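Data file: entry_33.cif. Format and content: mmCIF, C-alpha atoms and all ligand atoms.
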```
data_final
loop_
_atom_site.label_atom_id
_atom_site.label_comp_id
_atom_site.auth_asym_id
_atom_site.auth_seq_id
_atom_site.Cartn_x
_atom_site.Cartn_y
_atom_site.Cartn_z
CA MET R 1 -11.87 39.97 3.68
CA LYS R 2 -11.02 36.93 1.55
CA LYS R 3 -7.94 36.35 3.67
CA VAL R 4 -9.95 36.49 6.89
CA MET R 5 -12.46 33.98 5.51
CA LEU R 6 -9.66 31.64 4.49
CA MET R 7 -8.08 31.94 7.94
CA LEU R 8 -11.41 31.18 9.60
CA MET R 9 -11.95 28.16 7.38
CA ALA R 10 -8.46 26.89 8.18
CA ILE R 11 -9.14 27.23 11.91
CA VAL R 12 -12.43 25.37 11.60
CA PHE R 13 -10.69 22.53 9.74
CA VAL R 14 -7.92 22.28 12.32
CA VAL R 15 -10.34 22.27 15.24
CA ALA R 16 -12.60 19.70 13.54
CA GLY R 17 -9.56 17.56 12.80
CA CYS R 18 -8.37 17.71 16.40
CA THR R 19 -11.79 16.73 17.69
CA VAL R 20 -11.91 13.64 15.49
CA ALA R 21 -8.32 12.71 16.33
CA GLY R 22 -9.03 13.28 20.01
CA GLN R 23 -11.87 10.76 20.11
CA LYS R 24 -10.74 7.44 21.47
CA GLY R 25 -12.33 4.14 22.30
CA PRO R 26 -14.82 1.87 20.56
CA LYS R 27 -17.36 4.62 19.89
CA ALA R 28 -14.92 6.64 17.79
CA GLN R 29 -13.78 3.46 16.05
CA THR R 30 -17.33 2.47 15.12
CA LYS R 31 -17.90 5.96 13.76
CA ALA R 32 -14.74 5.79 11.66
CA GLY R 33 -15.72 2.31 10.45
CA ALA R 34 -19.14 3.57 9.40
CA LEU R 35 -17.59 6.45 7.45
CA ASP R 36 -15.12 4.19 5.70
CA GLU R 37 -16.84 2.50 2.79
CA ARG R 38 -14.01 0.09 1.96
CA VAL R 39 -14.48 -3.64 2.58
CA GLU R 40 -13.17 -4.66 5.97
CA LEU R 41 -10.90 -7.72 5.84
CA LYS R 42 -12.14 -10.13 8.47
CA LEU R 43 -8.75 -11.18 9.73
CA PRO R 44 -7.73 -11.95 13.33
CA PRO R 45 -5.93 -9.04 15.03
CA HIS R 46 -2.51 -10.73 15.10
CA ILE R 47 -2.70 -11.39 11.35
CA LYS R 48 -3.57 -7.74 10.77
CA VAL R 49 -0.49 -6.71 12.77
CA LYS R 50 1.65 -9.08 10.68
CA GLN R 51 0.10 -7.87 7.43
CA LYS R 52 0.78 -4.24 8.27
CA ALA R 53 4.39 -5.08 9.22
CA GLY R 54 4.76 -6.72 5.79
CA MET R 55 3.34 -3.58 4.20
CA ARG R 56 5.97 -1.43 5.89
CA VAL R 57 8.62 -3.74 4.44
CA HIS R 58 7.05 -3.10 1.01
CA MET R 59 7.56 0.64 1.60
CA ASP R 60 11.25 0.03 2.34
CA THR R 61 11.50 -2.00 -0.85
CA LEU R 62 9.97 0.79 -2.95
CA SER R 63 12.43 3.24 -1.42
CA GLU R 64 15.37 0.92 -2.21
CA ILE R 65 14.24 0.47 -5.82
CA VAL R 66 13.78 4.15 -6.57
CA LEU R 67 17.09 5.02 -4.88
CA ALA R 68 18.92 2.42 -6.98
CA LEU R 69 17.29 3.81 -10.14
CA SER R 70 18.28 7.35 -9.18
CA GLU R 71 21.88 6.14 -8.88
CA ASN R 72 21.67 4.26 -12.19
CA ASP R 73 22.38 1.09 -10.26
CA PHE R 74 20.19 -0.99 -12.58
CA LYS R 75 21.42 -4.33 -11.31
CA LYS R 76 20.42 -3.48 -7.77
CA ALA R 77 17.05 -2.07 -8.84
CA ALA R 78 16.29 -5.22 -10.85
CA LYS R 79 17.44 -7.58 -8.09
CA THR R 80 15.49 -5.76 -5.36
CA ALA R 81 12.30 -5.56 -7.43
CA SER R 82 12.38 -9.18 -8.45
CA GLU R 83 13.65 -10.76 -5.23
CA LYS R 84 11.72 -8.68 -2.70
CA LEU R 85 8.54 -7.96 -4.62
CA GLY R 86 8.41 -10.28 -7.63
CA TRP R 87 5.80 -12.97 -8.24
CA ASN R 88 6.86 -16.43 -7.18
CA LYS R 89 5.45 -19.54 -5.52
CA ASP R 90 5.86 -18.15 -2.00
CA GLU R 91 4.14 -14.86 -2.80
CA SER R 92 1.37 -16.71 -4.57
CA ALA R 93 0.85 -18.99 -1.56
CA GLN R 94 0.92 -16.02 0.83
CA CYS R 95 -1.61 -13.99 -1.17
CA ARG R 96 -3.83 -17.07 -1.58
CA LYS R 97 -3.74 -17.74 2.17
CA MET R 98 -4.67 -14.15 3.06
CA SER R 99 -7.40 -14.10 0.48
CA LYS R 100 -8.90 -17.36 1.80
CA MET R 101 -8.60 -16.27 5.43
CA ALA R 102 -10.43 -13.03 4.71
CA GLY R 103 -12.89 -14.71 2.35
CA GLU R 104 -12.13 -12.08 -0.29
CA GLU R 105 -11.14 -13.46 -3.70
CA GLY R 106 -10.32 -9.97 -4.99
CA PHE R 107 -7.49 -9.71 -2.51
CA TYR R 108 -5.51 -12.36 -4.38
CA GLU R 109 -5.92 -10.66 -7.75
CA LEU R 110 -4.90 -7.26 -6.42
CA GLY R 111 -1.85 -8.77 -4.71
CA MET R 112 -0.80 -10.61 -7.86
CA ALA R 113 -1.03 -7.40 -9.91
CA VAL R 114 1.51 -5.73 -7.60
CA HIS R 115 4.00 -8.58 -7.77
CA LYS R 116 3.73 -8.98 -11.53
CA LYS R 117 4.27 -5.26 -12.02
CA ALA R 118 7.42 -5.57 -9.89
CA ASP R 119 8.69 -8.23 -12.33
CA GLU R 120 7.96 -5.89 -15.23
CA LEU R 121 9.90 -3.14 -13.47
CA ALA R 122 12.78 -5.56 -12.86
CA ALA R 123 12.91 -6.46 -16.55
CA TYR R 124 13.11 -2.78 -17.58
CA ALA R 125 15.78 -2.14 -14.96
CA ALA R 126 17.79 -5.15 -16.15
CA ALA R 127 17.60 -3.70 -19.68
CA GLU R 128 18.83 -0.36 -18.23
CA ASP R 129 15.66 1.29 -19.51
CA LYS R 130 15.24 3.90 -16.80
CA ASP R 131 12.24 5.70 -18.30
CA ASN R 132 10.15 2.57 -18.56
CA ALA R 133 11.41 1.32 -15.19
CA LEU R 134 10.19 4.54 -13.59
CA ARG R 135 6.89 4.31 -15.44
CA ALA R 136 6.46 0.77 -14.14
CA PHE R 137 7.34 2.06 -10.68
CA SER R 138 4.52 4.57 -10.85
CA GLU R 139 2.09 1.87 -12.01
CA LEU R 140 3.31 -0.36 -9.21
CA VAL R 141 2.44 2.27 -6.62
CA ASN R 142 -0.99 2.63 -8.23
CA ASN R 143 -1.43 -1.14 -7.96
CA CYS R 144 -0.54 -1.01 -4.26
CA ASN R 145 -3.12 1.67 -3.72
CA ALA R 146 -5.80 -0.12 -5.75
CA CYS R 147 -5.96 -2.62 -2.91
CA HIS R 148 -5.93 0.08 -0.22
CA LYS R 149 -8.84 1.74 -1.98
CA THR R 150 -10.80 -1.52 -1.85
CA PHE R 151 -9.91 -3.11 1.48
CA ARG R 152 -9.19 -2.00 5.02
CA HIS R 153 -8.54 -3.49 8.42
C1 LIG R 201 -4.01 -6.98 -1.85
C2 LIG R 201 -4.08 -5.87 -0.96
C3 LIG R 201 -2.91 -4.99 -0.72
C4 LIG R 201 -1.87 -4.72 -1.57
C5 LIG R 201 -1.64 -5.20 -2.98
C6 LIG R 201 -1.02 -3.81 -0.87
N1 LIG R 201 -1.53 -3.53 0.36
FE1 LIG R 201 -0.74 -2.26 1.73
N2 LIG R 201 -2.28 -2.64 2.98
C7 LIG R 201 -3.33 -3.49 2.73
C8 LIG R 201 -4.25 -3.48 3.84
C9 LIG R 201 -5.53 -4.27 3.95
C10 LIG R 201 -3.72 -2.58 4.79
C11 LIG R 201 -4.31 -2.18 6.11
C12 LIG R 201 -5.11 -0.93 5.90
C13 LIG R 201 -5.80 -0.51 7.17
O1 LIG R 201 -5.10 -0.33 8.19
O2 LIG R 201 -7.03 -0.34 7.15
C14 LIG R 201 -2.48 -2.07 4.21
C15 LIG R 201 -1.68 -1.15 4.81
C16 LIG R 201 -0.52 -0.62 4.27
C17 LIG R 201 0.32 0.34 4.93
C18 LIG R 201 0.13 0.90 6.32
C19 LIG R 201 0.95 0.06 7.29
C20 LIG R 201 0.77 0.45 8.75
O3 LIG R 201 1.75 0.39 9.48
O4 LIG R 201 -0.35 0.84 9.14
C21 LIG R 201 1.35 0.62 4.08
C22 LIG R 201 2.51 1.58 4.31
C23 LIG R 201 1.16 -0.17 2.88
N3 LIG R 201 0.00 -0.92 3.04
C24 LIG R 201 2.00 -0.19 1.80
C25 LIG R 201 1.81 -0.97 0.67
C26 LIG R 201 2.68 -0.95 -0.49
C27 LIG R 201 3.91 -0.08 -0.64
C28 LIG R 201 2.17 -1.85 -1.38
C29 LIG R 201 2.69 -2.20 -2.73
C30 LIG R 201 4.04 -2.58 -2.91
C31 LIG R 201 0.97 -2.39 -0.77
N4 LIG R 201 0.79 -1.84 0.46
C32 LIG R 201 0.16 -3.30 -1.41
C33 LIG R 201 -3.50 -4.23 1.60
C34 LIG R 201 -2.69 -4.23 0.49
#
```
Spell out the structure here as structure tokens.
Amino acid sequence: MKKVMLMLMAIVFVVAGCTVAGQKGPKAQTKAGALDERVELKLPPHIKVKQKAGMRVHMDTLSEIVLALSENDFKKAAKTASEKLGWNKDESAQCRKMSKMAGEEGFYELGMAVHKKADELAAYAAAEDKDNALRAFSELVNNCNACHKTFRH
């Protein structure tokens, strides 16, 4: 009986999921927007496309860093973290620009936290301290997601 109930619940979830996914057009979008309580970044569509492309590059960078750590290639992990994700003038200018464009000061702070954590990770990797490098990696991912939990497109 329990099994049957579970099966039924699973079917209901799948069907409900398909219905939502199947809805297209502005009406469905408005509905999704209303359900999503995060702050919408008021950026022009082409900037949103660019921002998301940059985000996918960040994912590649995370993958490169953790792969290098798994291979004990500390030099590579440190170089990738600091050069591709570290805090520098360019990153600061980029985060500032986005934050101003969207009119959201918090965006800058959340961005800076990610880049500074990447520098911390790089320092641990350079010191061949794998445990702390991995811990910093985990915190870095949490920092990424702190922004995703606050803002949306
Ligand atoms: C300061 C804010 C902020 C930070 C920090 C941030 N992101 Fe994002 N990210 C966003 C926003 C805004 C979106 C768009 C979300 C949406 O579509 O509603 C996004 C989207 C994404 C996406 C989806 C891209 C797509 O193709 O739809 C990925 C993947 C992603 N981020 C990865 C990362 C990673 C990895 C990090 C950390 C290294 C990171 N982000 C840090 C704001 C941020």
So that I can check the surroundings of stretch 74-85 of chain R, please list as a list in words every protein, DNA and RNA residue that reaches within 8 Å of it, counting only C-alpha atoms and ignoring chain neighbours fewer than 6 positions away.
His58, Thr61, Glu64, Ile65, Val66, Ala68, Val114, His115, Ala118, Asp119, Leu121, Ala122, Ala123, Tyr124, Ala125, Ala126 and Glu128 of chain R
Restricting the calculation to only C-alpha atoms and all ligand atoms: of R:Ala136, R:Leu35, R:Ala113, R:Ile47, which residue gets closest to ligand LIG 201 (chain R)?
R:Ala113
Using only C-alpha atoms and all ligand atoms, determine which residues fall within 10 Å of ligand LIG 201 (chain R), then list them as JSON, numbers by chain.
{"R": [33, 36, 38, 39, 40, 41, 42, 43, 48, 49, 50, 51, 52, 53, 54, 55, 56, 57, 58, 59, 60, 61, 62, 63, 81, 84, 85, 95, 98, 99, 104, 105, 106, 107, 108, 109, 110, 111, 112, 113, 114, 115, 117, 118, 137, 140, 141, 142, 143, 144, 145, 146, 147, 148, 149, 150, 151, 152, 153]}
Atom CA of R:Leu134 to atom CA of R:Arg96, distance in Å rounded to a single decimal
28.4 Å
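A straight line drawn from atom CA of R:His46 to atom CA of R:Ala93 is 18.9 Å long.
Atom pair atom CA of R:Ser92 / atom CA of R:Ala133: separated by 23.2 Å.
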To test the calculation: enclose all listed atoms of stretch 118-136 of chain R in a box whose edges run along x, y and z, add 5 Å on each side, then state centre and edge lengths in Å to one decimal, as JSON.
```
{"center_x": 12.6, "center_y": -1.3, "center_z": -14.8, "size_x": 22.4, "size_y": 23.9, "size_z": 19.8}
```
